[in-house]
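Enquirer: There's a structure below that I have some questions on.
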Amino acid sequence: IKIEHSNVGRIVWEVCDGKPSATTESTILNCPNGDVISLGGFDAQGRPSAKVFCWTIQSKKWITLPAMPFPRVHHAAVAMWDNSIIVIGGTIIKDGKTVRFSTAVHCYNPINNEWEELSPLLIGREHLAAITFRGRIIVVGGESPLQVDSFVEIWDRRAKSWIKNVDLGLRLKKVLLQNYQGEIFITGASVSSVGYGALCFNPRKETIQPLDTLQGDVLDGFFSLQNNDLMVWNRQA
């Protein structure tokens, strides 16, 4: 496993050391301090892993962080402003048993170098998506087929609890979330399959609606650019 690093101002790629052990389908995060975090995924034997690795921008090497409380796959994770890591939902291995659509939420505290349990999600989710927004965490999609409701959840760090937000009325999974000028754009195959190119969630107004200019288009994702343009793409020929 290799990671390539480009120095600012030079079109040069450096091949750095690989992770201490191979995992697939890990969740990869960029921290505000420039470090890269790899969490969970499947190990070389195809089993869910609890391992956590950090590639530090200063040393350009991988180090091993304390493992998550449970082996985990199909989860979401976000890096907060203080470089703490929040890992959310997914499929976990607890007491030797596989638990799908988990509600478990844990936080890695870089100061104490340990994991702590946070309040659980309101509903179990896997293949969910999460994004930070003004100190909060927004979670979308991944509900169990047995779950009647499908809604956005928001983590309020001050209240240390999850809050039910707008109803989606759709079953979404493996979506991409992007903050664009204070609104959260939601794209992915599960959005396109119901006829929408993208959905727009406004956290302040607590509304969600299709993005009219992309309605009917099949999109896999998008990025907002520095000039406020949007770059969209799909994998279909």
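Residues are referred to by chain and number: the chain letter is A, B, ... according to the order shown in the structure tokens, the number counts from 1 in that chain, and ligands are numbered separately from 1 in the order shown.
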Using only C-alpha atoms, which residues sit within 7 Å of stretch 140-155 of chain A once same-chain residues fewer than 3 positions away are excluded, as a list in words?
Expert: Phe101, Gly124, Arg125, Glu126, His127, Leu128, Ala129, Ala130, Arg136, Ile137, Ser161, Trp162, Ile163, Lys164, Asn165, Val166, Asp167, Leu168, Gly169, Leu170, Arg171, Leu172 and Lys173 of chain A
Enquirer: I'd like to know which residues of chain A are helix (DSSP H, G or I) (by DSSP, run on the backbone); could you write them as a list of chain:residue names?
Expert: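 Those residues are A:Ala189, A:Ser190, A:Val191, A:Ser192, A:Asp212, A:Thr213, A:Leu214.
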Enquirer: Give the answer as one residue: which of A:Ser49, A:Gln178, A:Thr64, A:Thr103 has the shortest atom-to-atom distance to A:Met231, using only C-alpha atoms?
Expert: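 Ranked by minimum distance to A:Met231, first place goes to A:Gln178.
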Enquirer: Considering only C-alpha atoms, return as a list in words whatever protein or nucleic-acid residues lie within 8 Å of A:Ala67, sequence-local ones (same chain, fewer than 5 positions apart) excluded.
Expert: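 The contact residues come out as Ala50, Lys51 and Val52 of chain A.
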Enquirer: Could you name the residues that touch A:Pro32 at 10 Å or less, counting only C-alpha atoms, but leaving out those on the same chain fewer than 6 positions away, as a list in words?
Expert: Ala79, Met80, Trp81, Asp82, Asn83 and Ser84 of chain A
Enquirer: Write out, as CSV, each residue of stretch 153-188 of chain A that has an atom at most 8 Å from stretch 132-135 of chain A, together with the closest pair of atoms and their distance in Å to one decimal, counting only C-alpha atoms, rows going by chain and rising number.
Expert:
residue,atom,partner,partner_atom,distance
A:Asp156,CA,A:Gly135,CA,7.8
A:Arg157,CA,A:Gly135,CA,7.2
A:Asn179,CA,A:Phe133,CA,7.7
Enquirer: Would you mind reading off the distance between atom CA of A:Ile37 and atom CA of A:Ile86, one decimal, in Å?
Expert: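 Computed distance, atom CA of A:Ile37 to atom CA of A:Ile86, equals 11.4 Å.
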Enquirer: Between A:Glu117, A:Asp212, A:Glu14, A:Asp229, which one has atoms that come closest to A:Gly197, using only C-alpha atoms?
Expert: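 Answer, going by the shortest atom-to-atom distance: A:Asp212.
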Enquirer: Atom CA of A:Thr27 and atom CA of A:Asn109, how far apart in Å?
Expert: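 About the pair atom CA of A:Asn109 and atom CA of A:Thr27: they are 17.6 Å apart.
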Enquirer: Have a look at A:Ser21, A:Thr187, A:Ser38, A:Thr56 and name the one nearest to A:Met68; count only C-alpha atoms.
Expert: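 Distance minimum relative to A:Met68 lands on A:Ser38.
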Enquirer: Near A:Val99, within 12 Å and counting only C-alpha atoms, which residues show up once chain neighbours fewer than 3 positions away are dropped, as an NGL selection string?
Expert: :A and (48 or 70-74 or 89-96 or 102-104 or 124-126 or 144)
Enquirer: When DSSP is applied to the backbone of this structure, which of stretch 61-195 of chain A are assigned strand (DSSP E or B)? Write them out as a count of residues only.
Expert: 66
Enquirer: Rank nothing, just name the residue among A:Asn228, A:Asn234, A:Arg47, A:Val139 nearest to A:Gly188, using only C-alpha atoms.
Expert: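 Closest residue, counting only C-alpha atoms: A:Asn234.
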Enquirer: Which residue gives the smallest distance to A:Val15 among A:Leu39, A:Trp55, A:Leu29, A:Lys60, with only C-alpha atoms counted?
Expert: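 Among the listed residues, the smallest separation from A:Val15 belongs to A:Lys60.
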